[in-house]
$ cat final.cif   # mmCIF, C-alpha atoms and all ligand atoms
data_work
loop_
_atom_site.label_atom_id
_atom_site.label_comp_id
_atom_site.auth_asym_id
_atom_site.auth_seq_id
_atom_site.Cartn_x
_atom_site.Cartn_y
_atom_site.Cartn_z
CA MET A 1 -22.60 -4.10 1.03
CA ILE A 2 -20.19 -2.40 -1.37
CA ARG A 3 -21.96 0.63 -2.80
CA ASP A 4 -20.51 2.29 -5.90
CA LEU A 5 -20.38 6.05 -5.71
CA THR A 6 -21.97 7.89 -8.61
CA ASP A 7 -19.68 10.33 -10.42
CA ALA A 8 -21.27 13.25 -8.55
CA GLU A 9 -20.84 11.49 -5.19
CA ALA A 10 -17.26 10.54 -5.99
CA ARG A 11 -16.43 14.16 -6.85
CA ARG A 12 -17.80 15.29 -3.49
CA ALA A 13 -16.23 12.43 -1.50
CA LEU A 14 -12.81 11.86 -3.07
CA ILE A 15 -11.61 15.40 -3.33
CA LEU A 16 -8.10 14.51 -4.44
CA LYS A 17 -8.74 11.55 -6.75
CA TRP A 18 -11.77 13.03 -8.49
CA GLY A 19 -11.35 16.68 -7.55
CA VAL A 20 -8.20 17.48 -9.49
CA VAL A 21 -9.21 16.06 -12.87
CA ASP A 22 -11.36 17.64 -15.58
CA PRO A 23 -14.99 16.50 -15.57
CA ASP A 24 -14.53 14.31 -18.68
CA VAL A 25 -11.58 12.42 -17.16
CA ILE A 26 -12.04 9.11 -15.32
CA PRO A 27 -9.57 9.08 -12.41
CA ALA A 28 -7.81 5.76 -11.81
CA TRP A 29 -4.63 6.99 -10.19
CA VAL A 30 -4.25 7.61 -6.42
CA ALA A 31 -5.03 4.61 -4.18
CA GLU A 32 -8.57 5.40 -3.11
CA MET A 33 -11.70 3.43 -3.92
CA ASP A 34 -14.86 4.69 -5.63
CA TYR A 35 -17.01 2.99 -2.98
CA ALA A 36 -19.06 4.44 -0.12
CA THR A 37 -17.29 4.22 3.25
CA ALA A 38 -18.37 1.24 5.40
CA ASP A 39 -21.37 2.03 7.62
CA VAL A 40 -19.58 0.71 10.70
CA VAL A 41 -16.94 3.37 10.18
CA THR A 42 -19.24 6.29 9.36
CA ASP A 43 -21.57 5.39 12.27
CA ALA A 44 -18.62 5.47 14.68
CA LEU A 45 -17.45 8.80 13.23
CA HIS A 46 -20.93 10.34 13.53
CA ALA A 47 -21.15 9.18 17.15
CA ALA A 48 -17.71 10.62 17.93
CA ILE A 49 -18.63 13.97 16.39
CA ASP A 50 -21.94 14.00 18.27
CA ALA A 51 -20.00 13.39 21.48
CA GLY A 52 -17.66 16.28 20.65
CA GLN A 53 -14.55 14.14 20.23
CA THR A 54 -12.59 16.75 18.34
CA GLY A 55 -9.75 17.19 20.80
CA TYR A 56 -6.37 15.47 21.08
CA PRO A 57 -6.24 11.68 20.89
CA PRO A 58 -4.63 9.63 23.67
CA VAL A 59 -0.85 9.36 23.36
CA GLY A 60 1.42 6.34 23.80
CA ALA A 61 1.17 2.68 22.88
CA GLY A 62 -1.71 0.29 23.63
CA GLY A 63 -5.17 1.46 24.68
CA GLU A 64 -8.31 0.87 22.66
CA LEU A 65 -6.42 1.10 19.38
CA GLY A 66 -3.85 -1.48 20.48
CA GLU A 67 -6.60 -3.88 21.60
CA ALA A 68 -8.52 -3.40 18.35
CA TYR A 69 -5.46 -4.07 16.18
CA ALA A 70 -4.43 -7.09 18.26
CA GLY A 71 -7.93 -8.57 17.84
CA TRP A 72 -7.79 -7.98 14.10
CA ALA A 73 -4.31 -9.50 13.67
CA LEU A 74 -5.36 -12.62 15.56
CA ARG A 75 -8.62 -13.10 13.60
CA HIS A 76 -7.18 -12.35 10.18
CA PHE A 77 -3.63 -13.60 10.31
CA GLY A 78 -3.56 -15.88 13.38
CA HIS A 79 -0.87 -13.52 14.70
CA ARG A 80 -0.75 -12.77 18.42
CA VAL A 81 0.22 -9.13 18.99
CA ASP A 82 0.70 -7.56 22.41
CA PRO A 83 -1.72 -4.57 22.38
CA ASP A 84 0.90 -2.55 24.27
CA HIS A 85 3.27 -2.93 21.32
CA VAL A 86 0.92 -0.95 19.03
CA MET A 87 1.83 2.77 18.69
CA PRO A 88 -0.24 5.35 16.84
CA VAL A 89 1.39 7.43 14.11
CA VAL A 90 -0.12 9.92 11.71
CA ASP A 91 0.15 7.72 8.63
CA VAL A 92 2.11 4.79 7.28
CA THR A 93 4.70 6.91 5.53
CA ALA A 94 5.36 8.83 8.75
CA GLY A 95 5.53 5.53 10.63
CA VAL A 96 8.21 4.24 8.28
CA ARG A 97 10.13 7.50 8.70
CA LEU A 98 9.83 7.32 12.49
CA ALA A 99 11.04 3.72 12.62
CA LEU A 100 13.98 4.51 10.36
CA ASP A 101 14.90 7.63 12.32
CA VAL A 102 14.57 6.14 15.78
CA LEU A 103 15.54 2.50 15.36
CA SER A 104 17.95 2.16 12.43
CA ASP A 105 21.68 2.84 12.34
CA PRO A 106 22.60 5.94 10.30
CA ALA A 107 23.50 3.88 7.24
CA PRO A 108 21.95 3.19 3.82
CA MET A 109 18.46 1.72 3.47
CA VAL A 110 17.66 -0.95 0.89
CA MET A 111 14.55 -0.24 -1.17
CA PRO A 112 13.04 -2.82 -3.50
CA VAL A 113 12.00 -0.94 -6.67
CA PRO A 114 9.45 -0.26 -8.17
CA ALA A 115 8.22 1.18 -4.89
CA TYR A 116 5.41 3.32 -3.47
CA SER A 117 6.65 6.64 -4.80
CA PRO A 118 6.52 8.95 -1.72
CA GLN A 119 8.68 6.43 0.14
CA LEU A 120 11.48 6.79 -2.41
CA GLU A 121 12.47 9.96 -0.53
CA ILE A 122 12.30 8.62 3.01
CA ALA A 123 15.92 7.48 3.28
CA GLN A 124 17.24 10.82 2.12
CA ILE A 125 15.12 12.93 4.47
CA THR A 126 16.38 10.90 7.40
CA GLY A 127 19.95 11.57 6.26
CA ARG A 128 20.51 8.14 4.75
CA GLU A 129 21.29 6.88 1.28
CA ARG A 130 18.76 4.76 -0.59
CA TRP A 131 20.20 1.69 -2.22
CA ASP A 132 17.79 0.23 -4.75
CA LEU A 133 17.14 -3.44 -5.25
CA VAL A 134 15.60 -3.23 -8.69
CA VAL A 135 13.23 -5.81 -10.12
CA ASP A 136 13.78 -6.63 -13.78
CA PRO A 137 10.70 -5.32 -15.65
CA ASP A 138 10.89 -8.42 -17.86
CA ALA A 139 10.81 -10.91 -14.98
CA ASP A 140 7.63 -13.00 -14.92
CA HIS A 141 7.61 -12.94 -11.16
CA CYS A 142 8.68 -10.12 -8.82
CA VAL A 143 10.96 -11.42 -6.10
CA ILE A 144 13.51 -9.92 -3.76
CA ASP A 145 16.89 -11.11 -5.01
CA LEU A 146 18.43 -12.52 -1.84
CA ASP A 147 21.99 -12.59 -3.22
CA ARG A 148 21.76 -8.92 -4.07
CA LEU A 149 20.20 -8.12 -0.68
CA ASP A 150 23.07 -10.00 0.93
CA ARG A 151 25.62 -7.93 -1.01
CA LEU A 152 23.95 -4.61 -0.19
CA LEU A 153 23.89 -5.48 3.50
CA ALA A 154 27.50 -6.70 3.33
CA ASP A 155 28.41 -3.36 1.75
CA GLY A 156 26.96 -1.45 4.70
CA ALA A 157 23.18 -1.06 4.32
CA ARG A 158 21.49 -1.54 7.70
CA THR A 159 17.75 -1.46 6.95
CA LEU A 160 15.42 -3.13 4.47
CA LEU A 161 12.15 -1.37 3.73
CA LEU A 162 9.93 -4.29 2.90
CA THR A 163 6.49 -3.63 1.48
CA GLN A 164 4.27 -6.63 1.81
CA PRO A 165 1.83 -7.12 0.24
CA HIS A 166 3.55 -5.02 -2.38
CA ASN A 167 2.33 -1.90 -4.17
CA PRO A 168 2.84 -1.71 -7.12
CA TRP A 169 4.02 -5.30 -7.65
CA GLY A 170 0.63 -6.64 -6.50
CA ARG A 171 2.51 -9.48 -4.79
CA VAL A 172 1.93 -11.31 -1.54
CA PHE A 173 5.14 -12.81 -0.15
CA GLY A 174 4.93 -16.41 1.03
CA ARG A 175 6.27 -17.68 4.34
CA ALA A 176 9.35 -19.35 2.84
CA GLU A 177 10.22 -16.23 0.92
CA LEU A 178 9.92 -14.08 4.04
CA GLU A 179 12.03 -16.54 6.01
CA GLY A 180 14.70 -16.25 3.33
CA ILE A 181 14.68 -12.48 3.72
CA ARG A 182 14.81 -12.79 7.52
CA ASP A 183 17.80 -15.12 7.33
CA VAL A 184 19.80 -12.72 5.17
CA VAL A 185 18.88 -9.71 7.32
CA THR A 186 19.71 -11.40 10.61
CA ALA A 187 23.03 -12.70 9.23
CA HIS A 188 24.05 -9.03 8.92
CA GLY A 189 22.42 -7.82 12.13
CA ALA A 190 20.29 -5.43 10.06
CA ARG A 191 16.69 -4.24 10.53
CA VAL A 192 13.42 -4.64 8.64
CA ILE A 193 10.64 -2.09 8.43
CA SER A 194 7.66 -3.98 7.04
CA ASP A 195 5.02 -1.74 5.47
CA GLU A 196 1.89 -3.89 5.68
CA ILE A 197 -0.76 -1.30 4.83
CA HIS A 198 -2.13 -3.57 2.10
CA ALA A 199 -2.43 -6.68 4.33
CA PRO A 200 -6.25 -6.43 4.56
CA LEU A 201 -6.37 -6.36 0.76
CA VAL A 202 -4.96 -9.81 0.06
CA LEU A 203 -7.26 -11.29 -2.56
CA PRO A 204 -8.70 -14.82 -2.63
CA GLY A 205 -6.03 -17.41 -3.32
CA ARG A 206 -3.29 -15.94 -1.14
CA GLU A 207 -2.70 -15.31 2.58
CA HIS A 208 -0.84 -12.58 4.38
CA VAL A 209 2.01 -13.63 6.68
CA PRO A 210 2.94 -10.75 9.02
CA TYR A 211 6.73 -10.36 9.05
CA LEU A 212 6.63 -10.10 12.85
CA SER A 213 4.96 -13.51 13.06
CA LEU A 214 8.15 -15.20 11.79
CA PRO A 215 10.29 -16.81 14.48
CA GLY A 216 13.27 -14.59 15.21
CA ALA A 217 11.76 -11.42 13.73
CA ALA A 218 10.68 -9.66 16.92
CA ASP A 219 13.99 -8.04 17.86
CA HIS A 220 14.94 -6.60 14.47
CA ALA A 221 11.64 -5.60 12.85
CA VAL A 222 8.60 -3.40 13.13
CA ALA A 223 5.45 -3.49 11.03
CA VAL A 224 3.69 -0.33 9.92
CA VAL A 225 -0.01 -1.02 9.47
CA ALA A 226 -3.30 0.82 8.99
CA SER A 227 -6.95 0.20 8.27
CA SER A 228 -7.01 3.33 6.11
CA LYS A 229 -6.26 1.79 2.70
CA ALA A 230 -8.81 -1.01 2.95
CA PHE A 231 -11.49 1.22 4.48
CA ASN A 232 -10.86 4.36 2.41
CA THR A 233 -10.07 6.64 5.34
CA ALA A 234 -6.60 7.89 4.42
CA GLY A 235 -7.57 11.51 5.12
CA LEU A 236 -8.41 10.74 8.75
CA LYS A 237 -4.75 10.20 9.55
CA CYS A 238 -4.07 7.31 11.85
CA ALA A 239 -1.71 4.41 11.26
CA GLN A 240 0.14 2.18 13.68
CA VAL A 241 3.71 1.01 14.22
CA VAL A 242 3.76 -2.48 15.71
CA ALA A 243 6.85 -3.40 17.71
CA GLY A 244 7.94 -6.99 18.24
CA ASP A 245 9.27 -6.55 21.76
CA ASP A 246 9.18 -4.18 24.74
CA ALA A 247 12.63 -2.72 24.05
CA THR A 248 11.65 -1.61 20.53
CA ARG A 249 8.35 -0.22 21.77
CA ASP A 250 10.15 1.72 24.50
CA ARG A 251 12.51 3.30 21.99
CA LEU A 252 9.58 4.35 19.81
CA VAL A 253 7.59 5.72 22.76
CA ALA A 254 10.63 7.67 23.94
CA ALA A 255 10.91 9.54 20.61
CA PRO A 256 10.39 13.28 21.11
CA MET A 257 6.83 14.45 20.53
CA ALA A 258 7.96 16.59 17.61
CA ARG A 259 9.03 13.41 15.81
CA ASN A 260 5.74 11.63 16.22
CA ASP A 261 2.52 13.51 16.70
CA SER A 262 -0.44 14.62 14.58
CA TRP A 263 -2.48 11.44 14.32
CA SER A 264 -6.12 12.38 14.72
CA SER A 265 -8.83 11.47 17.20
CA LEU A 266 -11.24 10.70 14.38
CA GLY A 267 -8.59 8.55 12.71
CA VAL A 268 -8.35 6.50 15.90
CA VAL A 269 -12.16 6.18 15.99
CA ALA A 270 -12.24 5.00 12.36
CA ALA A 271 -9.41 2.50 12.89
CA VAL A 272 -10.96 1.04 16.05
CA ALA A 273 -14.34 0.67 14.28
CA ALA A 274 -12.80 -0.91 11.18
CA TYR A 275 -10.62 -3.34 13.13
CA THR A 276 -13.43 -4.28 15.51
CA HIS A 277 -16.53 -4.34 13.32
CA GLY A 278 -15.29 -4.20 9.73
CA ASP A 279 -14.86 -7.89 8.87
CA PRO A 280 -18.15 -8.39 6.93
CA TRP A 281 -17.63 -5.24 4.86
CA LEU A 282 -14.03 -6.17 4.14
CA ALA A 283 -15.07 -9.67 3.03
CA ALA A 284 -17.53 -8.09 0.59
CA LEU A 285 -14.83 -5.69 -0.61
CA ARG A 286 -12.40 -8.51 -1.31
CA GLU A 287 -15.07 -10.34 -3.30
CA ARG A 288 -15.73 -7.21 -5.33
CA LEU A 289 -12.02 -6.65 -5.97
CA ASP A 290 -11.63 -10.28 -6.97
CA ARG A 291 -14.34 -9.76 -9.59
CA GLN A 292 -12.73 -6.52 -10.75
CA ARG A 293 -9.42 -8.36 -11.13
CA THR A 294 -11.09 -11.05 -13.27
CA LEU A 295 -12.86 -8.41 -15.32
CA LEU A 296 -9.59 -6.55 -15.89
CA GLY A 297 -7.96 -9.75 -17.16
CA GLU A 298 -10.80 -10.31 -19.61
CA LEU A 299 -10.80 -6.72 -20.79
CA LEU A 300 -7.04 -6.70 -21.34
CA ALA A 301 -7.15 -9.98 -23.25
CA THR A 302 -9.80 -8.58 -25.58
CA HIS A 303 -8.82 -4.95 -25.99
CA LEU A 304 -5.13 -4.69 -25.07
CA PRO A 305 -3.73 -8.12 -25.87
CA GLU A 306 -0.12 -6.88 -25.95
CA ALA A 307 -0.32 -5.40 -22.43
CA GLY A 308 1.67 -7.22 -19.76
CA MET A 309 0.38 -7.72 -16.26
CA ARG A 310 1.69 -9.94 -13.51
CA PRO A 311 -0.95 -11.72 -11.37
CA LEU A 312 -2.63 -9.33 -8.95
CA GLU A 313 -2.48 -11.20 -5.64
CA ALA A 314 -3.34 -8.23 -3.43
CA THR A 315 -4.30 -4.55 -3.62
CA TYR A 316 -6.50 -2.91 -6.24
CA LEU A 317 -3.52 -1.45 -8.07
CA ALA A 318 -2.58 -3.17 -11.31
CA TRP A 319 0.89 -2.62 -12.78
CA LEU A 320 0.55 -2.57 -16.55
CA ASP A 321 3.39 -2.99 -19.00
CA LEU A 322 2.35 -1.10 -22.12
CA ARG A 323 5.75 -1.06 -23.80
CA ALA A 324 4.39 -3.01 -26.78
CA TYR A 325 2.27 0.03 -27.64
CA ALA A 326 5.10 2.56 -27.59
CA PRO A 327 5.04 4.50 -30.85
CA THR A 328 8.83 4.84 -31.13
CA GLY A 329 10.38 2.57 -28.50
CA PRO A 330 9.59 2.41 -24.80
CA ALA A 331 12.65 4.21 -23.38
CA GLY A 332 11.42 7.34 -21.66
CA TRP A 333 7.88 6.88 -23.03
CA ASP A 334 5.19 7.86 -20.53
CA PRO A 335 1.90 6.22 -21.48
CA ALA A 336 0.13 8.05 -18.63
CA GLU A 337 0.46 11.31 -20.57
CA VAL A 338 -1.07 9.78 -23.70
CA LEU A 339 -3.87 8.16 -21.72
CA LEU A 340 -4.75 11.48 -20.12
CA GLU A 341 -4.54 13.55 -23.28
CA LYS A 342 -6.11 11.17 -25.75
CA GLY A 343 -8.02 8.75 -23.53
CA ARG A 344 -9.22 11.10 -20.79
CA VAL A 345 -8.18 8.54 -18.15
CA ARG A 346 -5.78 9.49 -15.38
CA VAL A 347 -3.50 6.67 -14.28
CA ALA A 348 -0.26 6.84 -12.28
CA PRO A 349 2.93 6.98 -14.38
CA GLY A 350 5.20 3.97 -13.88
CA HIS A 351 8.34 6.12 -13.61
CA ASP A 352 6.98 7.59 -10.36
CA TYR A 353 7.51 4.14 -8.82
CA HIS A 354 10.56 3.09 -10.79
CA PRO A 355 12.56 6.16 -11.79
CA GLY A 356 13.76 5.93 -15.37
CA LEU A 357 11.41 3.13 -16.39
CA GLY A 358 9.33 3.89 -19.47
CA GLY A 359 6.16 2.28 -20.79
CA HIS A 360 4.46 1.32 -17.52
CA VAL A 361 1.47 2.64 -15.60
CA ARG A 362 -0.35 1.81 -12.39
CA LEU A 363 -4.09 1.40 -12.83
CA ASN A 364 -6.53 1.59 -9.89
CA ILE A 365 -9.35 -0.94 -10.44
CA ALA A 366 -11.37 -0.14 -7.28
CA THR A 367 -14.31 1.28 -9.14
CA SER A 368 -17.51 -0.01 -10.74
CA PRO A 369 -17.37 -2.70 -13.45
CA GLU A 370 -18.85 -0.17 -15.86
CA ARG A 371 -16.14 2.41 -15.21
CA LEU A 372 -13.39 -0.21 -15.41
CA THR A 373 -14.77 -1.35 -18.76
CA GLU A 374 -14.88 2.21 -20.02
CA ILE A 375 -11.35 2.85 -18.75
CA VAL A 376 -9.91 -0.08 -20.69
CA HIS A 377 -11.86 0.88 -23.82
CA ARG A 378 -10.44 4.39 -23.57
CA ILE A 379 -6.89 3.16 -22.98
CA ALA A 380 -7.11 0.85 -26.00
CA ALA A 381 -8.44 3.64 -28.18
CA ALA A 382 -5.77 6.09 -26.99
CA LEU A 383 -3.00 3.62 -27.76
CA GLY A 384 -4.50 2.67 -31.13
CA ALA A 385 -4.80 -0.96 -30.00
C1 LIG A 401 2.83 0.60 0.27
C2 LIG A 401 2.17 1.86 0.72
N1 LIG A 401 2.56 2.44 1.88
C3 LIG A 401 1.99 3.57 2.31
C4 LIG A 401 0.98 4.18 1.61
C5 LIG A 401 0.40 5.47 2.09
O1 LIG A 401 -0.09 5.35 3.33
P1 LIG A 401 -0.27 6.65 4.21
O2 LIG A 401 -1.20 7.54 3.46
O3 LIG A 401 -0.86 6.10 5.47
O4 LIG A 401 1.09 7.22 4.38
C6 LIG A 401 0.53 3.60 0.42
C7 LIG A 401 -0.56 4.25 -0.33
O5 LIG A 401 -1.13 3.73 -1.23
C8 LIG A 401 1.14 2.43 -0.03
O6 LIG A 401 0.76 1.85 -1.16
#

$ encode --input "final.cif" --output "structure tokens"
Amino acid sequence: MIRDLTDAEARRALILKWGVVDPDVIPAWVAEMDYATADVVTDALHAAIDAGQTGYPPVGAGGELGEAYAGWALRHFGHRVDPDHVMPVVDVTAGVRLALDVLSDPAPMVMPVPAYSPQLEIAQITGRERWDLVVDPDADHCVIDLDRLDRLLADGARTLLLTQPHNPWGRVFGRAELEGIRDVVTAHGARVISDEIHAPLVLPGREHVPYLSLPGAADHAVAVVASSKAFNTAGLKCAQVVAGDDATRDRLVAAPMARNDSWSSLGVVAAVAAYTHGDPWLAALRERLDRQRTLLGELLATHLPEAGMRPLEATYLAWLDLRAYAPTGPAGWDPAEVLLEKGRVRVAPGHDYHPGLGGHVRLNIATSPERLTEIVHRIAAALGA
């Protein structure tokens, strides 16, 4: 069911990931997969185009999209969502911005770091400060330090941007951990924006717990979700903000059009098809990514034994600690530059996600086993491992 794109197909299909690199470079950077789009999605898109559905999408919460997401959340996470609490937005990053703008007090936002890089600027563009909750790069396990969260909220922060599952930590937060976060947030009357774009990409061994499914979460949190990451349709532009109660939904719906528009009709079609008919393809994808994760572990053990990597519980984005290979100390060292120049592999630099951190990269493993093998061989050769 998962069909690997050839290099030529990938260059035509993935015009950012493959299109901006030289022909001898293997791209393993931006979060897109080198797999053909699921037939259920492309069939729905072809049908929509044939029917001429190139006009505006419906506005407001609920509708077919709300029903489709609610069905998905119940089947996959056992979470009952009111379809009328599901609002379209253009993408997840815009959804986070909208929620912050419309729902949060004008006060600092707490950001666990490393973080998805474009979201590092969200607080500032909504006129807020970003207060980082930094994970120690030497910690074996990435966790949100609840004491520190408590202090930041006590000092005046009013929103936590939670990413779960986390990119680039690769972590899935457990129920007890999420309840701990909820207890600290509610003690300060603060808000949570839970970016759950990677929820469909939880790998075997772990389970996703939607933040909104926790008791007591509905009145202070929204989730921002999408099918786009798991189904490779980011360019179609449709994500969803899920409210926990009517009052939150009403505030989001009342936002001026100029603050929330631009999601696309074809994005809605793709999301409805993925949520409604995409389960078998997604199950096959997770199996493939599970095998890629195992393969990566084997390849690192053999060819890059000094590389550090925390367990990848979700996503196809591995966070690699390459500090042991730094030629003259890791501070300020950007392995991504070396890998591109000497290895002809493009990965994402770690300092994009954790400003100031040297020696780390994010590696996208959603490709064929052959390419992943070649990527690790090239990285090892470039680093003289
Ligand atoms: C945590 C996280 N949020 C949001 C996004 C981007 O989503 P969108 O393109 O819908 O803004 C990504 C992309 O990989 C991501 O990792």

$ residues_near_ligand --input "final.cif" --ligand "ligand LIG 401 (chain A)" --cutoff "7 Å" --atoms "all atoms listed in the file" --output "VMD selection string"
chain A and resid 31 91 to 94 116 163 166 to 167 195 197 to 198 226 228 to 229 234 237 239

$ write_last_selection --input "final.cif" --atoms "C-alpha atoms" --output "short mmCIF file (atom, residue, chain, number, x, y, z; two decimals), keeping the file's coordinate frame"
data_model
loop_
_atom_site.label_atom_id
_atom_site.label_comp_id
_atom_site.auth_asym_id
_atom_site.auth_seq_id
_atom_site.Cartn_x
_atom_site.Cartn_y
_atom_site.Cartn_z
CA ALA A 31 -5.03 4.61 -4.18
CA ASP A 91 0.15 7.72 8.63
CA VAL A 92 2.11 4.79 7.28
CA THR A 93 4.70 6.91 5.53
CA ALA A 94 5.36 8.83 8.75
CA TYR A 116 5.41 3.32 -3.47
CA THR A 163 6.49 -3.63 1.48
CA HIS A 166 3.55 -5.02 -2.38
CA ASN A 167 2.33 -1.90 -4.17
CA ASP A 195 5.02 -1.74 5.47
CA ILE A 197 -0.76 -1.30 4.83
CA HIS A 198 -2.13 -3.57 2.10
CA ALA A 226 -3.30 0.82 8.99
CA SER A 228 -7.01 3.33 6.11
CA LYS A 229 -6.26 1.79 2.70
CA ALA A 234 -6.60 7.89 4.42
CA LYS A 237 -4.75 10.20 9.55
CA ALA A 239 -1.71 4.41 11.26
#

$ residues_around --input "final.cif" --residues "segment 349-358 of chain A" --least-positions-apart "6" --cutoff "6 Å" --atoms "all atoms listed in the file" --output "ChimeraX atom specification"
/A:113-117,330-334,336

$ write_last_selection --input "final.cif" --atoms "C-alpha atoms" --output "mmCIF file, in the frame of the given file"
data_model
loop_
_atom_site.group_PDB
_atom_site.id
_atom_site.type_symbol
_atom_site.label_atom_id
_atom_site.label_comp_id
_atom_site.auth_asym_id
_atom_site.auth_seq_id
_atom_site.Cartn_x
_atom_site.Cartn_y
_atom_site.Cartn_z
ATOM 1 C CA VAL A 113 12.000 -0.940 -6.670
ATOM 2 C CA PRO A 114 9.450 -0.260 -8.170
ATOM 3 C CA ALA A 115 8.220 1.180 -4.890
ATOM 4 C CA TYR A 116 5.410 3.320 -3.470
ATOM 5 C CA SER A 117 6.650 6.640 -4.800
ATOM 6 C CA PRO A 330 9.590 2.410 -24.800
ATOM 7 C CA ALA A 331 12.650 4.210 -23.380
ATOM 8 C CA GLY A 332 11.420 7.340 -21.660
ATOM 9 C CA TRP A 333 7.880 6.880 -23.030
ATOM 10 C CA ASP A 334 5.190 7.860 -20.530
ATOM 11 C CA ALA A 336 0.130 8.050 -18.630
#

$ atom_distance --input "final.cif" --atom1 "atom CA of Cys238 of chain A" --atom2 "atom CA of Ser265 of chain A"
8.3 Å

$ closest_residue --input "final.cif" --among "A:Pro118, A:Pro106, A:Pro112, A:Pro27" --to "Asp132 of chain A" --atoms "all atoms listed in the file"
A:Pro112

$ residues_around --input "final.cif" --residues "segment 301-303 of chain A" --least-positions-apart "5" --cutoff "8 Å" --atoms "all atoms listed in the file" --output "JSON, numbers by chain"
{"A": [376, 377, 380, 385]}

$ residues_around --input "final.cif" --residues "segment 46-53 of chain A" --least-positions-apart "2" --cutoff "10 Å" --atoms "only C-alpha atoms" --output "VMD selection string"
chain A and resid 41 to 44 55 to 57 265 to 266 269 to 270

$ closest_residue --input "final.cif" --among "A:Arg251, A:Gly235, A:Met257, A:Tyr316" --to "Val202 of chain A" --atoms "all atoms listed in the file"
A:Tyr316

$ atom_distance --input "final.cif" --atom1 "atom CA of Asp101 of chain A" --atom2 "atom CA of Glu32 of chain A"
28.2 Å

$ residues_around --input "final.cif" --residues "segment 142-156 of chain A" --least-positions-apart "5" --cutoff "8 Å" --atoms "all atoms listed in the file" --output "CSV table (one decimal) with C-alpha atoms, keeping the file's coordinate frame"
chain,number,residue,atom,x,y,z
A,107,ALA,CA,23.5,3.9,7.2
A,108,PRO,CA,22.0,3.2,3.8
A,110,VAL,CA,17.7,-1.0,0.9
A,112,PRO,CA,13.0,-2.8,-3.5
A,131,TRP,CA,20.2,1.7,-2.2
A,133,LEU,CA,17.1,-3.4,-5.2
A,135,VAL,CA,13.2,-5.8,-10.1
A,136,ASP,CA,13.8,-6.6,-13.8
A,169,TRP,CA,4.0,-5.3,-7.6
A,171,ARG,CA,2.5,-9.5,-4.8
A,180,GLY,CA,14.7,-16.2,3.3
A,181,ILE,CA,14.7,-12.5,3.7
A,184,VAL,CA,19.8,-12.7,5.2
A,185,VAL,CA,18.9,-9.7,7.3
A,188,HIS,CA,24.0,-9.0,8.9
A,190,ALA,CA,20.3,-5.4,10.1

$ closest_residue --input "final.cif" --among "A:Leu383, A:Ala247, A:Ala139, A:Leu160" --to "Arg310 of chain A" --atoms "all atoms listed in the file"
A:Ala139

$ residues_around --input "final.cif" --residues "Phe77 of chain A" --least-positions-apart "4" --cutoff "8 Å" --atoms "all atoms listed in the file" --output "list in words"
Trp72, Ala73, Glu207, His208, Val209 and Pro210 of chain A

$ closest_residue --input "final.cif" --among "A:His277, A:Tyr69, A:Ala176, A:Ala99" --to "Val192 of chain A" --atoms "all atoms listed in the file"
A:Ala99

$ atom_distance --input "final.cif" --atom1 "atom CA of Gln292 of chain A" --atom2 "atom CA of Gly278 of chain A"
20.8 Å

$ closest_residue --input "final.cif" --among "A:Glu306, A:Glu374, A:Asp140, A:Glu179" --to "Pro215 of chain A" --atoms "only C-alpha atoms"
A:Glu179

$ residues_near_point --input "final.cif" --point "(-3.7, 2.0, -4.9)" --cutoff "9 Å" --atoms "only C-alpha atoms" --output "number ranges by chain"
A: 28-33, 167-168, 229, 315-318, 362-366

$ closest_residue --input "final.cif" --among "A:Arg97, A:Pro204, A:Ser264, A:Ala223" --to "Val59 of chain A" --atoms "all atoms listed in the file"
A:Ser264

$ residues_near_point --input "final.cif" --point "(-11.1, -8.5, -6.3)" --cutoff "10 Å" --atoms "only C-alpha atoms" --output "MDAnalysis selection string"
chainID A and resid 201:204 284:296 312:316 365:366
